[in-house]
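This report concerns only the one structure given below.
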Amino acid sequence: DGKTMPMIGLGVALSEDDTYEAVQWALSYGYRLIDTAAEESYGNEDRVAQAIRDWGKDEVFVTTKLWDSDHGFYQTLEAFGESYEKLNASGPIDLYLMHSPFGGRIVETWDAMLFLQSKGYIESIGVANFGVDHLEAIANSGRPLPVVNQIEMHPLLYQQRLPLIKWCQERKIQIQAFGSMMFGYSKWLESELLVNMAGRYKKTTAQILLRWALQHDFLIIPKSVREERIKSNSQLYDFVISEEDMTVLDHWGDSIPKKKRLMYKKSWNWNPIDEADVHLGKTHYWPNFEGVEESFVEDYDYGEIEEEAEGRDSSHEL
């Protein structure tokens, strides 16, 4: 959509009381993207906002997300209003994502996001944890496509997700990876393959995984609440993984059973890409949003939209 966003950001899922300090550290080490989500999932939008306000320097790109239970046109408007208030925003939210297709009413919810974007409350809109069939539901309905699809992505999953990656790339949907460091599972981070490779590059195993993602042109949002790891997770531009080693990592998961490649499924029994049904919901709102109760938007005070600041330092075009 012509907008830009940083390649590297800080994820704050499950950061809880450590969120404020983690965001402050991240900003001090050059991060300019913070990825949060609604109260029902991350529950730390207010702490993210406070940390950014107290930082008070360069422009920071903020992503937040709509939780599954808030799908539906008017439910989305209300949930966005709550996020907007917690983020204490005075201008558009940079990126708003539908957290997963598990909430159903995909097209109806997408229409609400398009509506909010048309009103100037959101710069860019996207999705997370969407498979090809969920994305096709939006495409086949004639709507503008998401600019981002945020999915679990690391070498073990690469071949399994390659059809989804290619589908997105062909339509200029940017893949943003979460779980890049395999959710910290020592079984993988301390594996012989990864430890030996990291030793040759004189880097940490986490840095190898994050650099692998960047070389595939995936945006990354590594999560940590430890200062030293937040710092090291951003030090990724002083080395390049060879083509041979990239191929090794690309095929690392080939001999591993599919059910063991999904770290999020293991941790939370949550796999929307493969398990969520496709449910469109009401489809009459777009493109003119006829019948939308404007009074609903007016009654829910989103705040005043200010002119967007110029000169944002971002590095990837959406």
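Chains: A, B, ... in order of the structure tokens. Residues: from 1 per chain. Ligands: from 1, in order shown.
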Proximity check region 88-143 of chain A to region 149-160 of chain A, 10 Å, nearest pairs one decimal Å, only C-alpha atoms, as JSON lines:
```
{"residue": "A:Leu97", "atom": "CA", "partner": "A:Asn149", "partner_atom": "CA", "distance": 8.3}
{"residue": "A:Met98", "atom": "CA", "partner": "A:Asn149", "partner_atom": "CA", "distance": 9.3}
{"residue": "A:His99", "atom": "CA", "partner": "A:Gln150", "partner_atom": "CA", "distance": 8.6}
{"residue": "A:Ser100", "atom": "CA", "partner": "A:Gln150", "partner_atom": "CA", "distance": 9.5}
{"residue": "A:Ile125", "atom": "CA", "partner": "A:Asn149", "partner_atom": "CA", "distance": 9.7}
{"residue": "A:Gly126", "atom": "CA", "partner": "A:Asn149", "partner_atom": "CA", "distance": 6.1}
{"residue": "A:Val127", "atom": "CA", "partner": "A:Asn149", "partner_atom": "CA", "distance": 4.9}
{"residue": "A:Ala128", "atom": "CA", "partner": "A:Gln150", "partner_atom": "CA", "distance": 4.3}
{"residue": "A:Asn129", "atom": "CA", "partner": "A:Ile151", "partner_atom": "CA", "distance": 4.9}
{"residue": "A:Phe130", "atom": "CA", "partner": "A:Asn149", "partner_atom": "CA", "distance": 6.8}
{"residue": "A:Gly131", "atom": "CA", "partner": "A:Asn149", "partner_atom": "CA", "distance": 9.1}
{"residue": "A:Leu135", "atom": "CA", "partner": "A:Asn149", "partner_atom": "CA", "distance": 9.3}
```
Please dump the current selection as an mmCIF file, in the first residue's frame; keep N, CA and C atoms.
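Contents of again-v3.cif, freshly written:
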```cif
data_model
loop_
_atom_site.group_PDB
_atom_site.id
_atom_site.type_symbol
_atom_site.label_atom_id
_atom_site.label_comp_id
_atom_site.auth_asym_id
_atom_site.auth_seq_id
_atom_site.Cartn_x
_atom_site.Cartn_y
_atom_site.Cartn_z
ATOM 1 N N LEU A 97 -3.827 -5.801 12.788
ATOM 2 C CA LEU A 97 -3.935 -7.157 12.261
ATOM 3 C C LEU A 97 -5.132 -7.893 12.834
ATOM 4 N N MET A 98 -5.782 -8.695 12.021
ATOM 5 C CA MET A 98 -6.744 -9.670 12.512
ATOM 6 C C MET A 98 -5.916 -10.848 13.041
ATOM 7 N N HIS A 99 -6.027 -11.137 14.337
ATOM 8 C CA HIS A 99 -5.081 -12.033 14.998
ATOM 9 C C HIS A 99 -5.114 -13.457 14.449
ATOM 10 N N SER A 100 -6.277 -13.918 14.055
ATOM 11 C CA SER A 100 -6.363 -15.246 13.460
ATOM 12 C C SER A 100 -7.733 -15.413 12.820
ATOM 13 N N ILE A 125 -3.455 -2.346 7.101
ATOM 14 C CA ILE A 125 -4.175 -3.450 7.731
ATOM 15 C C ILE A 125 -3.659 -4.779 7.181
ATOM 16 N N GLY A 126 -3.670 -5.776 8.066
ATOM 17 C CA GLY A 126 -3.179 -7.085 7.678
ATOM 18 C C GLY A 126 -3.796 -8.172 8.526
ATOM 19 N N VAL A 127 -3.209 -9.344 8.456
ATOM 20 C CA VAL A 127 -3.736 -10.502 9.176
ATOM 21 C C VAL A 127 -2.579 -11.244 9.832
ATOM 22 N N ALA A 128 -2.923 -12.196 10.661
ATOM 23 C CA ALA A 128 -1.938 -13.077 11.286
ATOM 24 C C ALA A 128 -2.506 -14.493 11.311
ATOM 25 N N ASN A 129 -1.635 -15.461 11.107
ATOM 26 C CA ASN A 129 -2.030 -16.879 11.196
ATOM 27 C C ASN A 129 -3.075 -17.264 10.163
ATOM 28 N N PHE A 130 -3.043 -16.636 8.993
ATOM 29 C CA PHE A 130 -3.968 -16.954 7.914
ATOM 30 C C PHE A 130 -3.321 -17.915 6.931
ATOM 31 N N GLY A 131 -4.065 -18.957 6.555
ATOM 32 C CA GLY A 131 -3.640 -19.869 5.504
ATOM 33 C C GLY A 131 -4.135 -19.392 4.155
ATOM 34 N N LEU A 135 -6.998 -16.463 3.125
ATOM 35 C CA LEU A 135 -6.644 -15.320 2.292
ATOM 36 C C LEU A 135 -7.462 -15.306 1.005
#
```
All residues 8 Å or closer to region 275-279 of chain A, only C-alpha atoms, same chain fewer than 2 positions away omitted, as a PyMOL selection string
chain A and resi 101-102+104-107+133-134+137+271-273+281
Contacts of Tyr185 (chain A) at 12 Å (only C-alpha atoms; same-chain gap of 5+ positions) as an NGL selection string
:A and (179-180 or 190-191 or 205-206 or 260-264 or 266-267)
Region 9-209 of chain A: residues DSSP assigns to strand (DSSP E), reported as a PDB file with N, CA and C atoms, in the first residue's frame:
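Everything below was put into out14.pdb:
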```
ATOM      1  N   LEU A  10      10.266  -5.489  18.173  1.00  0.00           N
ATOM      2  CA  LEU A  10      10.194  -6.242  19.422  1.00  0.00           C
ATOM      3  C   LEU A  10       8.788  -6.796  19.595  1.00  0.00           C
ATOM      4  N   GLY A  11       8.691  -8.107  19.783  1.00  0.00           N
ATOM      5  CA  GLY A  11       7.419  -8.714  20.144  1.00  0.00           C
ATOM      6  C   GLY A  11       7.254  -8.710  21.652  1.00  0.00           C
ATOM      7  N   LEU A  33      10.037  -0.684  15.931  1.00  0.00           N
ATOM      8  CA  LEU A  33       8.739  -1.335  15.765  1.00  0.00           C
ATOM      9  C   LEU A  33       8.435  -2.124  17.027  1.00  0.00           C
ATOM     10  N   ILE A  34       7.243  -1.925  17.569  1.00  0.00           N
ATOM     11  CA  ILE A  34       6.785  -2.699  18.728  1.00  0.00           C
ATOM     12  C   ILE A  34       5.491  -3.398  18.331  1.00  0.00           C
ATOM     13  N   ASP A  35       5.449  -4.708  18.567  1.00  0.00           N
ATOM     14  CA  ASP A  35       4.308  -5.523  18.166  1.00  0.00           C
ATOM     15  C   ASP A  35       3.552  -5.983  19.408  1.00  0.00           C
ATOM     16  N   PHE A  61       6.983   2.710  15.185  1.00  0.00           N
ATOM     17  CA  PHE A  61       5.939   2.011  14.446  1.00  0.00           C
ATOM     18  C   PHE A  61       5.267   1.021  15.401  1.00  0.00           C
ATOM     19  N   VAL A  62       3.941   1.109  15.534  1.00  0.00           N
ATOM     20  CA  VAL A  62       3.206   0.259  16.475  1.00  0.00           C
ATOM     21  C   VAL A  62       2.218  -0.629  15.728  1.00  0.00           C
ATOM     22  N   THR A  63       2.299  -1.912  16.020  1.00  0.00           N
ATOM     23  CA  THR A  63       1.323  -2.886  15.524  1.00  0.00           C
ATOM     24  C   THR A  63       0.496  -3.381  16.698  1.00  0.00           C
ATOM     25  N   THR A  64      -0.818  -3.468  16.509  1.00  0.00           N
ATOM     26  CA  THR A  64      -1.654  -4.169  17.483  1.00  0.00           C
ATOM     27  C   THR A  64      -2.636  -5.046  16.718  1.00  0.00           C
ATOM     28  N   LYS A  65      -3.376  -5.867  17.463  1.00  0.00           N
ATOM     29  CA  LYS A  65      -4.161  -6.912  16.813  1.00  0.00           C
ATOM     30  C   LYS A  65      -5.554  -7.029  17.429  1.00  0.00           C
ATOM     31  N   LEU A  66      -6.467  -7.484  16.603  1.00  0.00           N
ATOM     32  CA  LEU A  66      -7.852  -7.749  16.995  1.00  0.00           C
ATOM     33  C   LEU A  66      -7.985  -9.200  17.419  1.00  0.00           C
ATOM     34  N   ILE A  93      -3.078   4.337  13.935  1.00  0.00           N
ATOM     35  CA  ILE A  93      -2.294   3.164  14.310  1.00  0.00           C
ATOM     36  C   ILE A  93      -1.570   2.694  13.049  1.00  0.00           C
ATOM     37  N   ASP A  94      -0.297   2.377  13.175  1.00  0.00           N
ATOM     38  CA  ASP A  94       0.490   2.042  11.989  1.00  0.00           C
ATOM     39  C   ASP A  94       0.005   0.774  11.295  1.00  0.00           C
ATOM     40  N   LEU A  95      -0.232  -0.277  12.073  1.00  0.00           N
ATOM     41  CA  LEU A  95      -0.640  -1.550  11.485  1.00  0.00           C
ATOM     42  C   LEU A  95      -1.599  -2.256  12.430  1.00  0.00           C
ATOM     43  N   TYR A  96      -2.745  -2.660  11.886  1.00  0.00           N
ATOM     44  CA  TYR A  96      -3.763  -3.374  12.673  1.00  0.00           C
ATOM     45  C   TYR A  96      -3.976  -4.719  12.001  1.00  0.00           C
ATOM     46  N   LEU A  97      -3.827  -5.801  12.788  1.00  0.00           N
ATOM     47  CA  LEU A  97      -3.935  -7.157  12.261  1.00  0.00           C
ATOM     48  C   LEU A  97      -5.132  -7.893  12.834  1.00  0.00           C
ATOM     49  N   MET A  98      -5.782  -8.695  12.021  1.00  0.00           N
ATOM     50  CA  MET A  98      -6.744  -9.670  12.512  1.00  0.00           C
ATOM     51  C   MET A  98      -5.916 -10.848  13.041  1.00  0.00           C
ATOM     52  N   ILE A 122      -6.305   4.017  10.872  1.00  0.00           N
ATOM     53  CA  ILE A 122      -5.287   2.989  10.676  1.00  0.00           C
ATOM     54  C   ILE A 122      -4.551   3.290   9.383  1.00  0.00           C
ATOM     55  N   GLU A 123      -3.218   3.156   9.416  1.00  0.00           N
ATOM     56  CA  GLU A 123      -2.436   3.335   8.197  1.00  0.00           C
ATOM     57  C   GLU A 123      -2.513   2.096   7.306  1.00  0.00           C
ATOM     58  N   SER A 124      -2.205   0.926   7.862  1.00  0.00           N
ATOM     59  CA  SER A 124      -2.161  -0.312   7.090  1.00  0.00           C
ATOM     60  C   SER A 124      -2.881  -1.416   7.846  1.00  0.00           C
ATOM     61  N   ILE A 125      -3.455  -2.346   7.101  1.00  0.00           N
ATOM     62  CA  ILE A 125      -4.175  -3.450   7.731  1.00  0.00           C
ATOM     63  C   ILE A 125      -3.659  -4.779   7.181  1.00  0.00           C
ATOM     64  N   GLY A 126      -3.670  -5.776   8.066  1.00  0.00           N
ATOM     65  CA  GLY A 126      -3.179  -7.085   7.678  1.00  0.00           C
ATOM     66  C   GLY A 126      -3.796  -8.172   8.526  1.00  0.00           C
ATOM     67  N   VAL A 127      -3.209  -9.344   8.456  1.00  0.00           N
ATOM     68  CA  VAL A 127      -3.736 -10.502   9.176  1.00  0.00           C
ATOM     69  C   VAL A 127      -2.579 -11.244   9.832  1.00  0.00           C
ATOM     70  N   ALA A 128      -2.923 -12.196  10.661  1.00  0.00           N
ATOM     71  CA  ALA A 128      -1.938 -13.077  11.286  1.00  0.00           C
ATOM     72  C   ALA A 128      -2.506 -14.493  11.311  1.00  0.00           C
ATOM     73  N   VAL A 148       0.197  -7.543   5.179  1.00  0.00           N
ATOM     74  CA  VAL A 148       1.064  -8.371   6.025  1.00  0.00           C
ATOM     75  C   VAL A 148       0.305  -9.627   6.437  1.00  0.00           C
ATOM     76  N   ASN A 149       1.025 -10.747   6.480  1.00  0.00           N
ATOM     77  CA  ASN A 149       0.519 -11.959   7.122  1.00  0.00           C
ATOM     78  C   ASN A 149       1.583 -12.394   8.124  1.00  0.00           C
ATOM     79  N   GLN A 150       1.270 -12.262   9.401  1.00  0.00           N
ATOM     80  CA  GLN A 150       2.213 -12.612  10.462  1.00  0.00           C
ATOM     81  C   GLN A 150       1.989 -14.070  10.854  1.00  0.00           C
ATOM     82  N   ILE A 151       3.011 -14.891  10.677  1.00  0.00           N
ATOM     83  CA  ILE A 151       2.874 -16.331  10.921  1.00  0.00           C
ATOM     84  C   ILE A 151       4.090 -16.874  11.671  1.00  0.00           C
ATOM     85  N   GLU A 152       3.891 -18.007  12.351  1.00  0.00           N
ATOM     86  CA  GLU A 152       5.040 -18.700  12.930  1.00  0.00           C
ATOM     87  C   GLU A 152       5.954 -19.122  11.788  1.00  0.00           C
ATOM     88  N   GLN A 174       3.389  -9.159   2.634  1.00  0.00           N
ATOM     89  CA  GLN A 174       4.654  -9.331   3.351  1.00  0.00           C
ATOM     90  C   GLN A 174       4.511 -10.352   4.488  1.00  0.00           C
ATOM     91  N   ILE A 175       5.409 -11.327   4.514  1.00  0.00           N
ATOM     92  CA  ILE A 175       5.443 -12.277   5.625  1.00  0.00           C
ATOM     93  C   ILE A 175       6.213 -11.651   6.789  1.00  0.00           C
ATOM     94  N   GLN A 176       5.578 -11.644   7.950  1.00  0.00           N
ATOM     95  CA  GLN A 176       6.259 -11.244   9.182  1.00  0.00           C
ATOM     96  C   GLN A 176       6.306 -12.475  10.081  1.00  0.00           C
ATOM     97  N   ALA A 177       7.498 -12.822  10.522  1.00  0.00           N
ATOM     98  CA  ALA A 177       7.692 -14.054  11.277  1.00  0.00           C
ATOM     99  C   ALA A 177       7.601 -13.818  12.774  1.00  0.00           C
ATOM    100  N   PHE A 178       6.871 -14.701  13.469  1.00  0.00           N
ATOM    101  CA  PHE A 178       6.993 -14.778  14.923  1.00  0.00           C
ATOM    102  C   PHE A 178       7.483 -16.181  15.265  1.00  0.00           C
TER     103      PHE A 178
END
```
Enumerate as a PyMOL selection string all residues of region 102-175 of chain A assigned to alpha helix (DSSP H) by DSSP on the backbone, naming them with the chain letters and numbers the document uses.
chain A and resi 106-118+132-140+158-170
Preceding selection exported with N, CA, C and O atoms as a compact mmCIF listing (two decimals), in the first residue's frame:
```
# COMPACT_ATOMS: atom_id res chain seq x y z
N ILE A 106 -14.68 -13.65 8.60
CA ILE A 106 -13.43 -13.08 8.11
C ILE A 106 -13.66 -11.85 7.25
O ILE A 106 -13.04 -10.80 7.46
N VAL A 107 -14.55 -11.96 6.27
CA VAL A 107 -14.78 -10.84 5.36
C VAL A 107 -15.50 -9.70 6.08
O VAL A 107 -15.16 -8.52 5.89
N GLU A 108 -16.46 -10.03 6.92
CA GLU A 108 -17.17 -8.99 7.67
C GLU A 108 -16.21 -8.20 8.56
O GLU A 108 -16.27 -6.96 8.62
N THR A 109 -15.32 -8.91 9.21
CA THR A 109 -14.34 -8.27 10.07
C THR A 109 -13.35 -7.46 9.25
O THR A 109 -12.97 -6.33 9.62
N TRP A 110 -12.92 -8.01 8.12
CA TRP A 110 -12.02 -7.29 7.23
C TRP A 110 -12.66 -5.98 6.73
O TRP A 110 -11.99 -4.95 6.63
N ASP A 111 -13.96 -6.03 6.46
CA ASP A 111 -14.65 -4.82 6.02
C ASP A 111 -14.61 -3.73 7.10
O ASP A 111 -14.48 -2.55 6.80
N ALA A 112 -14.72 -4.14 8.36
CA ALA A 112 -14.64 -3.16 9.45
C ALA A 112 -13.25 -2.54 9.50
O ALA A 112 -13.11 -1.33 9.75
N MET A 113 -12.23 -3.34 9.26
CA MET A 113 -10.87 -2.82 9.25
C MET A 113 -10.67 -1.87 8.07
O MET A 113 -10.01 -0.82 8.18
N LEU A 114 -11.23 -2.22 6.92
CA LEU A 114 -11.18 -1.32 5.76
C LEU A 114 -11.91 -0.01 6.06
O LEU A 114 -11.45 1.07 5.66
N PHE A 115 -13.02 -0.11 6.77
CA PHE A 115 -13.78 1.08 7.15
C PHE A 115 -12.95 2.00 8.05
O PHE A 115 -12.87 3.21 7.82
N LEU A 116 -12.34 1.42 9.06
CA LEU A 116 -11.50 2.21 9.97
C LEU A 116 -10.32 2.84 9.24
O LEU A 116 -9.94 3.98 9.50
N GLN A 117 -9.76 2.10 8.30
CA GLN A 117 -8.67 2.65 7.50
C GLN A 117 -9.17 3.82 6.65
O GLN A 117 -8.49 4.84 6.53
N SER A 118 -10.35 3.68 6.08
CA SER A 118 -10.90 4.75 5.25
C SER A 118 -11.18 6.02 6.05
O SER A 118 -11.18 7.12 5.49
N VAL A 132 -3.78 -20.13 3.12
CA VAL A 132 -4.18 -19.74 1.76
C VAL A 132 -5.69 -19.69 1.64
O VAL A 132 -6.24 -18.76 1.02
N ASP A 133 -6.40 -20.65 2.21
CA ASP A 133 -7.86 -20.65 2.06
C ASP A 133 -8.50 -19.44 2.73
O ASP A 133 -9.49 -18.89 2.22
N HIS A 134 -7.93 -18.98 3.84
CA HIS A 134 -8.48 -17.79 4.50
C HIS A 134 -8.19 -16.54 3.68
O HIS A 134 -9.05 -15.66 3.56
N LEU A 135 -7.00 -16.46 3.12
CA LEU A 135 -6.64 -15.32 2.29
C LEU A 135 -7.46 -15.31 1.00
O LEU A 135 -7.87 -14.24 0.52
N GLU A 136 -7.71 -16.49 0.45
CA GLU A 136 -8.52 -16.57 -0.77
C GLU A 136 -9.95 -16.10 -0.52
O GLU A 136 -10.60 -15.55 -1.42
N ALA A 137 -10.44 -16.27 0.71
CA ALA A 137 -11.78 -15.79 1.03
C ALA A 137 -11.86 -14.28 0.86
O ALA A 137 -12.87 -13.74 0.38
N ILE A 138 -10.80 -13.58 1.26
CA ILE A 138 -10.75 -12.13 1.08
C ILE A 138 -10.57 -11.78 -0.39
O ILE A 138 -11.26 -10.91 -0.94
N ALA A 139 -9.64 -12.48 -1.04
CA ALA A 139 -9.36 -12.20 -2.46
C ALA A 139 -10.58 -12.45 -3.33
O ALA A 139 -10.92 -11.63 -4.19
N ASN A 140 -11.26 -13.56 -3.10
CA ASN A 140 -12.42 -13.91 -3.93
C ASN A 140 -13.61 -13.00 -3.69
O ASN A 140 -14.53 -12.96 -4.51
N TYR A 158 9.77 -24.12 7.28
CA TYR A 158 9.91 -23.43 6.00
C TYR A 158 9.30 -24.21 4.83
O TYR A 158 8.48 -23.68 4.08
N GLN A 159 9.69 -25.45 4.66
CA GLN A 159 9.17 -26.23 3.52
C GLN A 159 7.67 -26.46 3.65
O GLN A 159 6.94 -26.41 2.65
N GLN A 160 7.20 -26.68 4.86
CA GLN A 160 5.78 -26.91 5.09
C GLN A 160 4.95 -25.69 4.74
O GLN A 160 3.82 -25.81 4.25
N ARG A 161 5.50 -24.51 4.97
CA ARG A 161 4.77 -23.27 4.72
C ARG A 161 5.12 -22.63 3.38
O ARG A 161 4.60 -21.55 3.06
N LEU A 162 5.96 -23.28 2.59
CA LEU A 162 6.39 -22.67 1.34
C LEU A 162 5.23 -22.35 0.38
O LEU A 162 5.24 -21.27 -0.24
N PRO A 163 4.22 -23.19 0.25
CA PRO A 163 3.09 -22.80 -0.62
C PRO A 163 2.40 -21.52 -0.14
O PRO A 163 2.02 -20.67 -0.97
N LEU A 164 2.24 -21.36 1.17
CA LEU A 164 1.64 -20.14 1.71
C LEU A 164 2.56 -18.94 1.47
O LEU A 164 2.10 -17.86 1.08
N ILE A 165 3.85 -19.12 1.70
CA ILE A 165 4.81 -18.04 1.49
C ILE A 165 4.76 -17.57 0.04
O ILE A 165 4.70 -16.37 -0.26
N LYS A 166 4.78 -18.51 -0.90
CA LYS A 166 4.77 -18.16 -2.32
C LYS A 166 3.46 -17.48 -2.70
O LYS A 166 3.46 -16.52 -3.49
N TRP A 167 2.35 -17.96 -2.16
CA TRP A 167 1.05 -17.34 -2.44
C TRP A 167 1.08 -15.88 -2.01
O TRP A 167 0.63 -14.99 -2.74
N CYS A 168 1.62 -15.62 -0.84
CA CYS A 168 1.69 -14.25 -0.33
C CYS A 168 2.66 -13.41 -1.15
O CYS A 168 2.34 -12.27 -1.52
N GLN A 169 3.81 -13.95 -1.44
CA GLN A 169 4.81 -13.18 -2.19
C GLN A 169 4.30 -12.81 -3.58
O GLN A 169 4.55 -11.69 -4.06
N GLU A 170 3.59 -13.71 -4.23
CA GLU A 170 3.06 -13.43 -5.57
C GLU A 170 2.04 -12.30 -5.55
O GLU A 170 1.81 -11.65 -6.57
```
